[in-house]
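Structure file query_6.cif with mmCIF, C-alpha atoms and all ligand atoms:
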```cif
data_run
#
loop_
_atom_site.label_atom_id
_atom_site.label_comp_id
_atom_site.auth_asym_id
_atom_site.auth_seq_id
_atom_site.Cartn_x
_atom_site.Cartn_y
_atom_site.Cartn_z
CA MET A 1 53.15 72.37 45.32
CA ILE A 2 49.43 71.54 45.13
CA ASN A 3 47.17 74.23 43.66
CA ILE A 4 43.70 74.21 45.18
CA LEU A 5 41.09 76.47 43.63
CA ILE A 6 38.34 77.64 45.99
CA LEU A 7 34.96 78.49 44.46
CA PRO A 8 32.68 79.42 47.39
CA GLY A 9 29.67 80.21 45.16
CA ASP A 10 26.41 81.49 46.61
CA GLY A 11 24.12 81.26 49.65
CA ILE A 12 25.73 79.25 52.46
CA GLY A 13 28.70 78.50 50.13
CA PRO A 14 31.05 81.15 51.59
CA GLU A 15 30.10 80.24 55.20
CA ILE A 16 30.85 76.53 54.87
CA MET A 17 33.89 77.15 52.63
CA LYS A 18 35.46 79.27 55.37
CA GLN A 19 35.54 76.17 57.60
CA ALA A 20 37.27 74.09 54.90
CA VAL A 21 39.84 76.85 54.30
CA LYS A 22 40.68 76.87 58.04
CA ILE A 23 41.73 73.22 57.73
CA ILE A 24 43.75 73.83 54.56
CA LYS A 25 45.55 76.72 56.27
CA THR A 26 46.32 74.40 59.19
CA CYS A 27 47.84 71.94 56.70
CA ILE A 28 50.01 74.75 55.31
CA TYR A 29 51.01 75.64 58.89
CA LEU A 30 51.98 71.97 59.38
CA GLY A 31 54.32 72.21 56.39
CA TYR A 32 52.21 70.95 53.47
CA LYS A 33 52.95 72.78 50.21
CA ILE A 34 49.50 74.00 49.20
CA ASN A 35 48.70 77.10 47.19
CA ILE A 36 45.14 78.46 47.67
CA LEU A 37 43.47 80.36 44.81
CA TYR A 38 40.00 81.93 44.83
CA ASN A 39 37.48 82.58 42.07
CA TYR A 40 33.77 82.94 41.29
CA ILE A 41 31.03 80.65 40.04
CA GLY A 42 27.23 80.87 39.96
CA GLY A 43 25.26 83.93 41.04
CA ILE A 44 28.26 85.82 42.38
CA SER A 45 29.97 85.37 39.00
CA LEU A 46 26.81 86.59 37.24
CA ASP A 47 26.91 89.72 39.42
CA LYS A 48 30.60 90.35 38.79
CA ASN A 49 31.09 89.09 35.22
CA ARG A 50 27.56 88.70 33.77
CA GLN A 51 28.28 85.02 33.24
CA PRO A 52 27.87 82.13 35.71
CA LEU A 53 31.34 80.85 34.74
CA THR A 54 33.93 82.76 32.71
CA GLU A 55 36.49 81.39 30.25
CA ASN A 56 39.19 82.72 32.56
CA THR A 57 37.81 80.75 35.53
CA ILE A 58 37.65 77.61 33.38
CA LYS A 59 41.31 78.13 32.46
CA ILE A 60 42.25 78.46 36.14
CA CYS A 61 40.22 75.31 36.91
CA LEU A 62 42.08 73.38 34.23
CA ASN A 63 45.43 74.48 35.69
CA SER A 64 44.48 73.54 39.26
CA ASP A 65 45.09 70.19 40.90
CA ALA A 66 41.77 70.33 42.70
CA ILE A 67 38.73 72.53 42.92
CA ILE A 68 36.62 72.86 46.04
CA LEU A 69 33.18 74.25 45.35
CA GLY A 70 30.59 75.46 47.85
CA CYS A 71 27.23 75.65 46.09
CA VAL A 72 25.40 77.86 43.61
CA GLY A 73 21.96 79.41 43.21
CA GLY A 74 19.54 81.60 45.10
CA TYR A 75 16.33 83.64 45.02
CA LYS A 76 18.22 86.73 43.84
CA TRP A 77 18.70 85.22 40.37
CA ASN A 78 15.17 83.75 39.98
CA ASN A 79 14.39 86.11 37.11
CA SER A 80 17.84 86.20 35.59
CA PRO A 81 17.91 84.89 31.98
CA LEU A 82 21.16 83.07 32.81
CA LYS A 83 20.91 80.89 35.91
CA PRO A 84 23.72 80.41 38.47
CA GLU A 85 23.28 76.61 38.16
CA LEU A 86 24.42 76.84 34.53
CA GLY A 87 27.91 77.67 35.85
CA LEU A 88 28.08 74.31 37.60
CA LEU A 89 26.74 72.38 34.57
CA MET A 90 29.32 74.16 32.36
CA LEU A 91 32.14 73.38 34.77
CA ARG A 92 31.25 69.67 34.86
CA LYS A 93 31.08 69.53 31.06
CA LYS A 94 34.19 71.61 30.32
CA LEU A 95 36.28 69.51 32.71
CA ASN A 96 34.68 66.33 31.43
CA LEU A 97 33.77 65.35 35.00
CA PHE A 98 31.73 62.29 34.12
CA ALA A 99 31.56 60.55 37.49
CA ASN A 100 30.31 61.93 40.77
CA ILE A 101 31.10 59.74 43.78
CA ARG A 102 28.90 60.33 46.81
CA PRO A 103 29.68 58.32 49.95
CA ILE A 104 26.69 57.74 52.21
CA LYS A 105 28.43 57.07 55.48
CA CYS A 106 27.42 57.28 59.12
CA PRO A 107 29.68 55.54 61.64
CA PHE A 108 27.04 55.96 64.37
CA LYS A 109 24.60 53.79 62.42
CA ASN A 110 27.06 51.56 60.59
CA ILE A 111 26.03 52.90 57.20
CA ASP A 112 28.60 52.83 54.41
CA PHE A 113 27.78 52.73 50.71
CA LEU A 114 28.65 54.76 47.61
CA ILE A 115 26.36 56.36 45.08
CA ILE A 116 28.09 56.81 41.73
CA ARG A 117 26.16 59.30 39.65
CA GLU A 118 26.80 59.79 35.92
CA LEU A 119 27.47 63.51 35.61
CA ASN A 120 28.05 64.48 31.99
CA GLY A 121 25.02 63.14 30.19
CA GLY A 122 21.33 62.41 30.52
CA ILE A 123 18.46 64.84 30.67
CA TYR A 124 20.44 67.74 32.19
CA TYR A 125 22.43 68.10 28.97
CA GLY A 126 20.33 66.22 26.37
CA LYS A 127 19.20 68.07 23.28
CA PRO A 128 16.68 69.06 22.06
CA LYS A 129 15.39 70.98 25.03
CA GLY A 130 13.31 74.09 24.92
CA ILE A 131 10.03 75.86 25.39
CA SER A 132 7.75 77.34 22.75
CA LYS A 133 4.12 78.12 22.08
CA GLN A 134 2.22 75.76 19.80
CA LEU A 135 -1.35 75.35 18.69
CA ILE A 136 -2.74 72.35 20.56
CA ASN A 137 -6.46 71.67 19.84
CA ASN A 138 -6.40 75.13 18.23
CA VAL A 139 -5.41 76.73 21.54
CA PRO A 140 -2.01 78.53 21.78
CA THR A 141 -0.30 76.47 24.47
CA TRP A 142 3.13 76.50 26.07
CA TYR A 143 5.04 73.38 25.11
CA SER A 144 8.30 72.39 26.85
CA TYR A 145 10.63 69.45 26.44
CA ASP A 146 13.89 67.91 27.67
CA THR A 147 15.69 64.86 26.34
CA GLU A 148 17.05 61.93 28.36
CA ILE A 149 19.87 60.69 26.15
CA TYR A 150 22.87 58.42 26.71
CA ASN A 151 25.33 57.01 24.24
CA GLU A 152 27.14 53.71 24.71
CA GLN A 153 30.53 55.31 25.45
CA GLU A 154 29.10 57.50 28.22
CA ILE A 155 27.56 54.48 29.91
CA ILE A 156 30.60 52.23 29.46
CA ARG A 157 33.02 54.68 31.12
CA ILE A 158 30.90 55.18 34.25
CA VAL A 159 30.05 51.49 34.55
CA LYS A 160 33.71 50.42 34.17
CA LEU A 161 34.80 52.94 36.78
CA SER A 162 32.13 51.68 39.17
CA PHE A 163 33.16 48.05 38.75
CA ASN A 164 36.80 48.98 39.37
CA LEU A 165 35.88 50.91 42.53
CA SER A 166 33.78 47.98 43.66
CA LEU A 167 36.84 45.68 43.54
CA ASN A 168 38.24 47.48 46.59
CA ARG A 169 34.94 47.27 48.46
CA LYS A 170 32.39 44.51 49.02
CA LYS A 171 32.23 43.56 45.32
CA LYS A 172 28.54 44.24 45.11
CA ILE A 173 26.92 46.62 42.61
CA THR A 174 23.33 47.79 42.37
CA SER A 175 22.40 49.52 39.15
CA ILE A 176 19.31 51.73 39.30
CA ASP A 177 17.32 52.51 36.18
CA LYS A 178 13.81 52.67 34.76
CA SER A 179 14.25 50.11 32.00
CA ASN A 180 10.63 48.96 32.25
CA VAL A 181 9.70 52.30 30.63
CA LEU A 182 12.73 54.24 29.33
CA ILE A 183 14.69 53.14 26.28
CA SER A 184 17.83 54.92 27.51
CA SER A 185 17.58 52.78 30.68
CA LYS A 186 17.33 49.60 28.59
CA LEU A 187 20.71 50.43 27.02
CA TRP A 188 22.09 51.26 30.48
CA ARG A 189 21.03 47.88 31.86
CA LYS A 190 22.33 45.99 28.81
CA ILE A 191 25.77 47.59 29.21
CA VAL A 192 25.92 46.93 32.96
CA ASN A 193 25.17 43.25 32.26
CA TYR A 194 27.74 43.10 29.45
CA ILE A 195 30.52 44.65 31.56
CA SER A 196 29.68 42.38 34.48
CA ASN A 197 30.92 39.46 32.33
CA PHE A 198 34.44 40.81 32.77
CA TYR A 199 34.09 41.03 36.56
CA GLN A 200 32.88 37.56 37.52
CA ASN A 201 33.67 38.10 41.21
CA ILE A 202 31.34 41.13 41.48
CA LYS A 203 27.70 40.50 42.31
CA VAL A 204 25.35 42.69 40.26
CA ASN A 205 21.68 43.40 40.70
CA HIS A 206 19.25 45.87 39.15
CA LEU A 207 16.47 47.91 40.70
CA TYR A 208 13.89 50.20 39.16
CA ILE A 209 14.22 53.72 40.48
CA ASP A 210 10.76 53.81 42.04
CA TYR A 211 11.28 50.75 44.24
CA ALA A 212 14.95 51.66 44.84
CA THR A 213 13.86 54.76 46.76
CA ILE A 214 12.20 52.48 49.32
CA GLU A 215 14.97 49.87 49.49
CA LEU A 216 17.70 52.47 49.97
CA ILE A 217 16.08 53.73 53.15
CA LYS A 218 14.64 50.46 54.46
CA ASN A 219 17.48 48.07 53.70
CA TYR A 220 20.53 50.34 53.31
CA ASN A 221 22.83 47.56 54.51
CA ASN A 222 22.09 45.64 51.30
CA PHE A 223 23.93 48.29 49.26
CA ASP A 224 27.62 48.82 48.62
CA VAL A 225 28.15 50.52 45.24
CA VAL A 226 25.09 52.05 43.60
CA ILE A 227 25.38 53.28 40.01
CA THR A 228 22.83 55.39 38.24
CA SER A 229 22.16 58.15 35.73
CA ASN A 230 22.56 61.89 36.26
CA ILE A 231 18.99 62.73 37.29
CA PHE A 232 18.32 59.59 39.36
CA GLY A 233 21.68 60.05 41.16
CA ASP A 234 20.85 63.67 41.94
CA ILE A 235 17.56 62.68 43.54
CA ILE A 236 18.50 59.52 45.44
CA SER A 237 21.57 61.08 47.04
CA ASP A 238 19.44 63.88 48.55
CA GLN A 239 17.02 61.19 49.72
CA CYS A 240 19.84 59.16 51.30
CA SER A 241 20.83 62.15 53.42
CA LEU A 242 17.89 61.02 55.58
CA LEU A 243 20.14 58.15 56.65
CA THR A 244 23.03 60.35 57.74
CA GLY A 245 20.93 62.97 59.52
CA SER A 246 21.03 65.96 57.21
CA LEU A 247 21.55 67.00 53.61
CA GLY A 248 24.41 69.08 54.99
CA MET A 249 26.36 65.89 55.82
CA LEU A 250 27.03 64.54 52.33
CA PRO A 251 30.34 65.07 50.49
CA SER A 252 31.29 64.25 46.91
CA VAL A 253 34.10 64.13 44.40
CA SER A 254 33.68 64.44 40.65
CA ILE A 255 36.37 62.95 38.46
CA ASN A 256 37.44 62.83 34.82
CA ASN A 257 39.97 60.75 32.92
CA LYS A 258 42.75 63.19 33.76
CA SER A 259 43.73 64.40 37.18
CA THR A 260 41.57 67.44 37.97
CA CYS A 261 39.01 66.64 40.63
CA LEU A 262 36.10 68.70 41.88
CA PHE A 263 35.19 68.33 45.54
CA GLU A 264 31.83 69.65 46.70
CA PRO A 265 29.05 68.94 49.19
CA CYS A 266 25.89 67.39 47.73
CA HIS A 267 23.54 70.11 48.96
CA GLY A 268 22.49 73.36 47.32
CA SER A 269 22.96 76.96 48.39
CA ALA A 270 20.22 76.76 51.09
CA PRO A 271 19.06 80.39 50.58
CA ASP A 272 16.57 79.95 53.45
CA ILE A 273 19.41 79.84 56.01
CA ALA A 274 22.18 81.77 54.20
CA GLY A 275 24.02 84.39 56.26
CA LYS A 276 22.77 83.02 59.61
CA ASN A 277 25.89 81.08 60.60
CA ILE A 278 23.79 77.93 61.15
CA ALA A 279 24.66 75.86 58.06
CA ASN A 280 26.15 72.43 58.55
CA PRO A 281 29.76 72.46 57.27
CA ILE A 282 30.25 68.68 57.45
CA GLY A 283 29.51 68.02 53.75
CA ILE A 284 32.33 70.30 52.65
CA LEU A 285 34.67 69.10 55.43
CA LEU A 286 34.09 65.47 54.41
CA SER A 287 34.77 66.55 50.80
CA LEU A 288 38.14 67.73 52.09
CA VAL A 289 38.64 64.30 53.69
CA MET A 290 38.14 62.88 50.17
CA LEU A 291 40.62 65.41 48.76
CA PHE A 292 43.29 64.30 51.22
CA GLU A 293 42.62 60.67 50.33
CA TYR A 294 42.12 60.85 46.54
CA LEU A 295 44.38 63.76 45.58
CA LEU A 296 47.15 63.81 48.18
CA ASN A 297 46.98 60.06 48.75
CA ASN A 298 47.46 60.94 52.41
CA LYS A 299 45.53 58.56 54.64
CA ILE A 300 46.96 60.13 57.79
CA LEU A 301 45.46 63.55 56.98
CA SER A 302 42.14 62.13 55.76
CA ASN A 303 41.72 59.93 58.86
CA LYS A 304 42.72 62.80 61.14
CA LEU A 305 40.08 65.09 59.65
CA PHE A 306 37.40 62.38 59.53
CA TYR A 307 37.91 61.50 63.20
CA SER A 308 38.04 65.18 64.23
CA ILE A 309 34.60 65.69 62.66
CA TYR A 310 33.10 62.60 64.28
CA LYS A 311 34.76 63.38 67.61
CA ILE A 312 32.87 66.69 67.76
CA LEU A 313 29.63 64.87 66.88
CA SER A 314 30.29 62.17 69.47
CA PHE A 315 30.61 64.90 72.13
CA GLY A 316 26.99 65.77 71.25
CA PHE A 317 27.77 68.97 69.33
CA CYS A 318 25.94 69.60 66.04
CA THR A 319 24.45 72.36 63.90
CA ILE A 320 20.72 72.93 64.18
CA ASP A 321 19.74 70.78 61.15
CA MET A 322 20.90 67.67 63.09
CA LYS A 323 19.10 68.41 66.33
CA ASN A 324 16.61 65.53 66.07
CA PHE A 325 19.11 62.98 64.83
CA PHE A 326 21.00 60.51 66.99
CA LYS A 327 21.88 61.81 70.48
CA PHE A 328 23.02 65.29 69.59
CA LYS A 329 22.00 67.97 72.04
CA LYS A 330 24.44 70.88 71.98
CA ILE A 331 23.56 73.16 69.06
CA ILE A 332 26.51 75.21 67.83
CA SER A 333 27.10 77.56 64.91
CA THR A 334 28.86 76.89 61.60
CA GLU A 335 31.91 78.87 62.82
CA GLU A 336 32.03 77.08 66.17
CA PHE A 337 31.79 73.67 64.51
CA GLY A 338 34.60 74.60 62.09
CA ASP A 339 36.78 75.91 64.93
CA LEU A 340 36.30 72.77 67.02
CA VAL A 341 37.15 70.49 64.09
CA ASN A 342 40.20 72.60 63.31
CA TYR A 343 41.32 72.46 66.95
CA TYR A 344 41.15 68.66 67.10
CA PHE A 345 42.66 68.36 63.62
CA LEU A 346 45.68 70.34 64.80
CA TYR A 347 46.16 69.20 68.39
CA ASP A 348 44.63 65.76 68.86
P1 LIG A 401 19.18 72.97 49.10
O1 LIG A 401 20.07 71.76 49.14
O2 LIG A 401 19.87 74.27 48.96
O3 LIG A 401 18.30 73.04 50.44
C1 LIG A 401 17.30 72.08 50.79
C2 LIG A 401 17.05 72.17 52.30
O4 LIG A 401 18.18 71.63 52.99
C3 LIG A 401 16.88 73.61 52.79
O5 LIG A 401 15.94 73.63 53.82
C4 LIG A 401 18.24 73.95 53.34
O6 LIG A 401 18.23 74.92 54.39
C5 LIG A 401 18.76 72.61 53.85
N1 LIG A 401 20.23 72.52 53.75
C6 LIG A 401 20.96 72.34 52.63
N2 LIG A 401 22.25 72.33 52.92
C7 LIG A 401 22.35 72.52 54.26
C8 LIG A 401 23.44 72.61 55.16
N3 LIG A 401 24.72 72.52 54.75
N4 LIG A 401 23.17 72.82 56.47
C9 LIG A 401 21.91 72.91 56.92
N5 LIG A 401 20.82 72.83 56.11
C10 LIG A 401 21.06 72.63 54.79
O7 LIG A 401 18.16 72.71 47.92
P2 LIG A 401 17.05 73.69 47.31
O8 LIG A 401 16.43 74.51 48.38
O9 LIG A 401 16.24 72.81 46.47
O10 LIG A 401 17.87 74.65 46.33
C11 LIG A 401 18.34 75.93 46.69
C12 LIG A 401 19.25 76.44 45.58
O11 LIG A 401 20.42 75.63 45.47
C13 LIG A 401 18.59 76.40 44.20
O12 LIG A 401 18.97 77.55 43.50
C14 LIG A 401 19.18 75.16 43.56
O13 LIG A 401 19.18 75.21 42.15
C15 LIG A 401 20.57 75.21 44.11
N6 LIG A 401 21.28 73.91 44.12
C16 LIG A 401 22.61 73.95 43.94
C17 LIG A 401 23.35 72.79 44.04
C18 LIG A 401 24.83 72.88 43.91
O14 LIG A 401 25.39 73.96 43.98
N7 LIG A 401 25.53 71.76 43.77
C19 LIG A 401 22.71 71.58 44.32
C20 LIG A 401 21.34 71.57 44.53
C21 LIG A 401 20.63 72.75 44.44
#
```
Show how you would write the structure in this file as structure tokens.
Amino acid sequence: MINILILPGDGIGPEIMKQAVKIIKTCIYLGYKINILYNYIGGISLDKNRQPLTENTIKICLNSDAIILGCVGGYKWNNSPLKPELGLLMLRKKLNLFANIRPIKCPFKNIDFLIIRELNGGIYYGKPKGISKQLINNVPTWYSYDTEIYNEQEIIRIVKLSFNLSLNRKKKITSIDKSNVLISSKLWRKIVNYISNFYQNIKVNHLYIDYATIELIKNYNNFDVVITSNIFGDIISDQCSLLTGSLGMLPSVSINNKSTCLFEPCHGSAPDIAGKNIANPIGILLSLVMLFEYLLNNKILSNKLFYSIYKILSFGFCTIDMKNFFKFKKIISTEEFGDLVNYYFLYD
């Protein structure tokens, strides 16, 4: 029996999650032994439990084989002292999810590379961070600070993982940093070069983050495995959604050294379109493709779902965010897209 914990979260989270749950229920109907559990994270958890993630939810996460998360955040909690996003940062830290793998894939345009984002360190967690008032030139002035910090062990584990993943791909790694300015990036680059000595058959190159943003869009075929820090990975993966048509298209899996995996789309809670039944569910559906592949080791299911999604797109159907991309022309709702994928997943 596989225990899958569903954390829909906020904004469009519940709408897109519903489409993923349809597919899981179809798998159960087909005889797969899957147990679905539900819980809260983010703003909805703040509303119900006054915390963005409770100890009880963490316990359930630790006892689950996989977690599927929608997204967190929204205008409603703009003035809340505790932010919904803290729930996600806590979850990643408590489960020691240090690597976030984000495939940038578009069969229509022959695009296929991976962004591997370090997820447990860097400026999102680095201390000290804070805000205070100080006298600057004798004027009381707000003063705020964050810390970009990486230790050797944090870098080694993500770099090793990336090299090992690269062995099953084109054996080409691009490491993105800002080592011309940041000391933490200098250590990052040094470790990438050191580890590359143990993988002589893998070609490694380095790019500075500023120029990498151009290369990733202009010459995407030059990339296969891209590794980078927490903040750079966050930003460049959103940017690379330009290649696949929409931010709503990108899936991800976060992994630790044990077996619990977190599957989630790369986008946020999209409060501007929440509740309108127009969100693109492909990011979460492709995250489910990854779950079938990584967790269940079931290529038949993962291929079936992947081709069901792309079959619907190849018929010209898409959600409104994709309307100017490729040759899509029939705009359908989140529910309709989910139903069509589920239909082909079951019957095709
Ligand atoms: P966002 O990703 O929510 O939205 C950016 C733009 O992309 C919006 O116009 C939105 O409508 C669109 N978009 C995003 N996902 C879409 C989808 N599936 N289908 C169609 N359109 C989609 O980023 P934002 O606006 O910067 O942040 C909104 C909230 O989400 C904030 O509270 C932020 O902190 C949070 N956030 C959460 C996560 C997460 O849960 N992993 C990630 C990023 C941002």
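Restricting the calculation to only C-alpha atoms and all ligand atoms, the smallest distance between ligand LIG 401 (chain A) and any of A:Ala279, A:Ile231, A:Leu82, A:Leu285 is found for A:Ala279.
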Report the closest atom pair, with its distance in Å rounded to one decimal, for each residue of chain A that has an atom no farther than 8 Å from ligand LIG 401 (chain A); count all atoms listed in the file, sort by chain and then rising residue number, and write it as JSON lines.
```
{"residue": "A:Gly9", "atom": "CA", "partner": "A:LIG401", "partner_atom": "O14", "distance": 7.7}
{"residue": "A:Gly11", "atom": "CA", "partner": "A:LIG401", "partner_atom": "O11", "distance": 7.9}
{"residue": "A:Ile12", "atom": "CA", "partner": "A:LIG401", "partner_atom": "N3", "distance": 7.2}
{"residue": "A:Ile16", "atom": "CA", "partner": "A:LIG401", "partner_atom": "N3", "distance": 7.3}
{"residue": "A:Leu69", "atom": "CA", "partner": "A:LIG401", "partner_atom": "O14", "distance": 7.9}
{"residue": "A:Gly70", "atom": "CA", "partner": "A:LIG401", "partner_atom": "O14", "distance": 6.7}
{"residue": "A:Cys71", "atom": "CA", "partner": "A:LIG401", "partner_atom": "O14", "distance": 3.3}
{"residue": "A:Val72", "atom": "CA", "partner": "A:LIG401", "partner_atom": "O14", "distance": 3.9}
{"residue": "A:Gly73", "atom": "CA", "partner": "A:LIG401", "partner_atom": "O12", "distance": 3.5}
{"residue": "A:Gly74", "atom": "CA", "partner": "A:LIG401", "partner_atom": "O12", "distance": 4.4}
{"residue": "A:Tyr75", "atom": "CA", "partner": "A:LIG401", "partner_atom": "O12", "distance": 6.8}
{"residue": "A:Pro84", "atom": "CA", "partner": "A:LIG401", "partner_atom": "O12", "distance": 7.5}
{"residue": "A:Glu85", "atom": "CA", "partner": "A:LIG401", "partner_atom": "O13", "distance": 5.9}
{"residue": "A:Leu88", "atom": "CA", "partner": "A:LIG401", "partner_atom": "O14", "distance": 6.9}
{"residue": "A:Asp238", "atom": "CA", "partner": "A:LIG401", "partner_atom": "O1", "distance": 7.9}
{"residue": "A:Ser246", "atom": "CA", "partner": "A:LIG401", "partner_atom": "N5", "distance": 7.0}
{"residue": "A:Leu247", "atom": "CA", "partner": "A:LIG401", "partner_atom": "N2", "distance": 5.4}
{"residue": "A:Gly248", "atom": "CA", "partner": "A:LIG401", "partner_atom": "N3", "distance": 3.5}
{"residue": "A:Met249", "atom": "CA", "partner": "A:LIG401", "partner_atom": "N3", "distance": 6.9}
{"residue": "A:Glu264", "atom": "CA", "partner": "A:LIG401", "partner_atom": "N7", "distance": 7.3}
{"residue": "A:Pro265", "atom": "CA", "partner": "A:LIG401", "partner_atom": "N7", "distance": 7.1}
{"residue": "A:Cys266", "atom": "CA", "partner": "A:LIG401", "partner_atom": "N7", "distance": 5.9}
{"residue": "A:His267", "atom": "CA", "partner": "A:LIG401", "partner_atom": "O1", "distance": 3.8}
{"residue": "A:Gly268", "atom": "CA", "partner": "A:LIG401", "partner_atom": "O2", "distance": 3.2}
{"residue": "A:Ser269", "atom": "CA", "partner": "A:LIG401", "partner_atom": "O11", "distance": 4.1}
{"residue": "A:Ala270", "atom": "CA", "partner": "A:LIG401", "partner_atom": "O2", "distance": 3.3}
{"residue": "A:Pro271", "atom": "CA", "partner": "A:LIG401", "partner_atom": "C11", "distance": 6.0}
{"residue": "A:Asp272", "atom": "CA", "partner": "A:LIG401", "partner_atom": "O6", "distance": 5.4}
{"residue": "A:Ile273", "atom": "CA", "partner": "A:LIG401", "partner_atom": "O6", "distance": 5.3}
{"residue": "A:Ala274", "atom": "CA", "partner": "A:LIG401", "partner_atom": "O6", "distance": 7.9}
{"residue": "A:Ile278", "atom": "CA", "partner": "A:LIG401", "partner_atom": "C9", "distance": 6.8}
{"residue": "A:Ala279", "atom": "CA", "partner": "A:LIG401", "partner_atom": "N4", "distance": 3.7}
{"residue": "A:Asn280", "atom": "CA", "partner": "A:LIG401", "partner_atom": "N4", "distance": 3.7}
{"residue": "A:Pro281", "atom": "CA", "partner": "A:LIG401", "partner_atom": "N3", "distance": 5.6}
{"residue": "A:Ile282", "atom": "CA", "partner": "A:LIG401", "partner_atom": "N3", "distance": 7.3}
{"residue": "A:Gly283", "atom": "CA", "partner": "A:LIG401", "partner_atom": "N3", "distance": 6.6}
{"residue": "A:Thr319", "atom": "CA", "partner": "A:LIG401", "partner_atom": "C9", "distance": 7.4}
{"residue": "A:Ile320", "atom": "CA", "partner": "A:LIG401", "partner_atom": "C9", "distance": 7.4}
{"residue": "A:Asp321", "atom": "CA", "partner": "A:LIG401", "partner_atom": "C9", "distance": 5.2}
```
Local residues around (36.2, 78.7, 62.8), at most 10 Å away, using all atoms listed in the file, as a PDB file with C-alpha atoms, in the coordinates of the input:
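Printed below is point-v8.pdb as written:
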```pdb
ATOM      1  CA  GLU A  15      30.100  80.240  55.200  1.00  0.00           C
ATOM      2  CA  ILE A  16      30.850  76.530  54.870  1.00  0.00           C
ATOM      3  CA  LYS A  18      35.460  79.270  55.370  1.00  0.00           C
ATOM      4  CA  GLN A  19      35.540  76.170  57.600  1.00  0.00           C
ATOM      5  CA  ALA A  20      37.270  74.090  54.900  1.00  0.00           C
ATOM      6  CA  VAL A  21      39.840  76.850  54.300  1.00  0.00           C
ATOM      7  CA  LYS A  22      40.680  76.870  58.040  1.00  0.00           C
ATOM      8  CA  ILE A  23      41.730  73.220  57.730  1.00  0.00           C
ATOM      9  CA  SER A 333      27.100  77.560  64.910  1.00  0.00           C
ATOM     10  CA  THR A 334      28.860  76.890  61.600  1.00  0.00           C
ATOM     11  CA  GLU A 335      31.910  78.870  62.820  1.00  0.00           C
ATOM     12  CA  GLU A 336      32.030  77.080  66.170  1.00  0.00           C
ATOM     13  CA  PHE A 337      31.790  73.670  64.510  1.00  0.00           C
ATOM     14  CA  GLY A 338      34.600  74.600  62.090  1.00  0.00           C
ATOM     15  CA  ASP A 339      36.780  75.910  64.930  1.00  0.00           C
ATOM     16  CA  LEU A 340      36.300  72.770  67.020  1.00  0.00           C
ATOM     17  CA  VAL A 341      37.150  70.490  64.090  1.00  0.00           C
ATOM     18  CA  ASN A 342      40.200  72.600  63.310  1.00  0.00           C
ATOM     19  CA  TYR A 343      41.320  72.460  66.950  1.00  0.00           C
TER      20      TYR A 343
END
```
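Going from atom CA of A:Ser144 to atom CA of A:Gly130 covers 5.6 Å.
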7 Å contact set for A:Ser166, all atoms listed in the file, chain neighbours under 5 positions out, as a ChimeraX atom specification: /A:171-172,225
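Take the candidates A:Lys190, A:Lys25, A:Ile4, A:Asp177 and check each one against A:Tyr211 using only C-alpha atoms; the shortest distance goes to A:Asp177.
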Two-atom distance - atom CA of A:Asn39, atom CA of A:Leu7 (Å): 5.4 Å
Option closest in space to A:Ile191, from A:Tyr307, A:Phe325, A:Tyr150, A:Phe108 [counting only C-alpha atoms]: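 The shortest atom-to-atom distance to A:Ile191 comes from A:Tyr150.
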A:Thr260, A:Phe317, A:Ile332, A:Tyr145 ranked by distance to A:Asn277, top pick (using all atoms listed in the file):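 Using all atoms listed in the file, A:Asn277 sits closest to A:Ile332.
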Find the spatial neighbours of stretch 110-121 of chain A, counting all atoms listed in the file, within a cut-off of 8 Å - ignore same-chain residues fewer than 4 positions away - and output them as a tab-separated table (two decimals) with C-alpha atoms, in the coordinates of the input.
```tsv
chain	number	residue	atom	x	y	z
A	92	ARG	CA	31.25	69.67	34.86
A	93	LYS	CA	31.08	69.53	31.06
A	96	ASN	CA	34.68	66.33	31.43
A	97	LEU	CA	33.77	65.35	35.00
A	98	PHE	CA	31.73	62.29	34.12
A	99	ALA	CA	31.56	60.55	37.49
A	100	ASN	CA	30.31	61.93	40.77
A	101	ILE	CA	31.10	59.74	43.78
A	102	ARG	CA	28.90	60.33	46.81
A	103	PRO	CA	29.68	58.32	49.95
A	104	ILE	CA	26.69	57.74	52.21
A	105	LYS	CA	28.43	57.07	55.48
A	106	CYS	CA	27.42	57.28	59.12
A	125	TYR	CA	22.43	68.10	28.97
A	126	GLY	CA	20.33	66.22	26.37
A	149	ILE	CA	19.87	60.69	26.15
A	150	TYR	CA	22.87	58.42	26.71
A	154	GLU	CA	29.10	57.50	28.22
A	158	ILE	CA	30.90	55.18	34.25
A	162	SER	CA	32.13	51.68	39.17
A	220	TYR	CA	20.53	50.34	53.31
A	221	ASN	CA	22.83	47.56	54.51
A	223	PHE	CA	23.93	48.29	49.26
A	224	ASP	CA	27.62	48.82	48.62
A	225	VAL	CA	28.15	50.52	45.24
A	226	VAL	CA	25.09	52.05	43.60
A	227	ILE	CA	25.38	53.28	40.01
A	228	THR	CA	22.83	55.39	38.24
A	229	SER	CA	22.16	58.15	35.73
A	230	ASN	CA	22.56	61.89	36.26
A	232	PHE	CA	18.32	59.59	39.36
A	233	GLY	CA	21.68	60.05	41.16
A	234	ASP	CA	20.85	63.67	41.94
A	237	SER	CA	21.57	61.08	47.04
A	243	LEU	CA	20.14	58.15	56.65
```
For atom CA of A:Gly316 and atom CA of A:Ile284, the interatomic separation in Å (one decimal): 19.9 Å
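Minimum atom-to-atom distances from A:Asp146, A:Glu55, A:Glu215, A:Asp47 to A:Trp77 were compared using all atoms listed in the file, and the lowest value belongs to A:Asp47.
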Nearest to A:Ile2, chosen from A:Ile155, A:Leu295, A:Leu262, A:Leu305, with only C-alpha atoms counted in the distances: A:Leu295
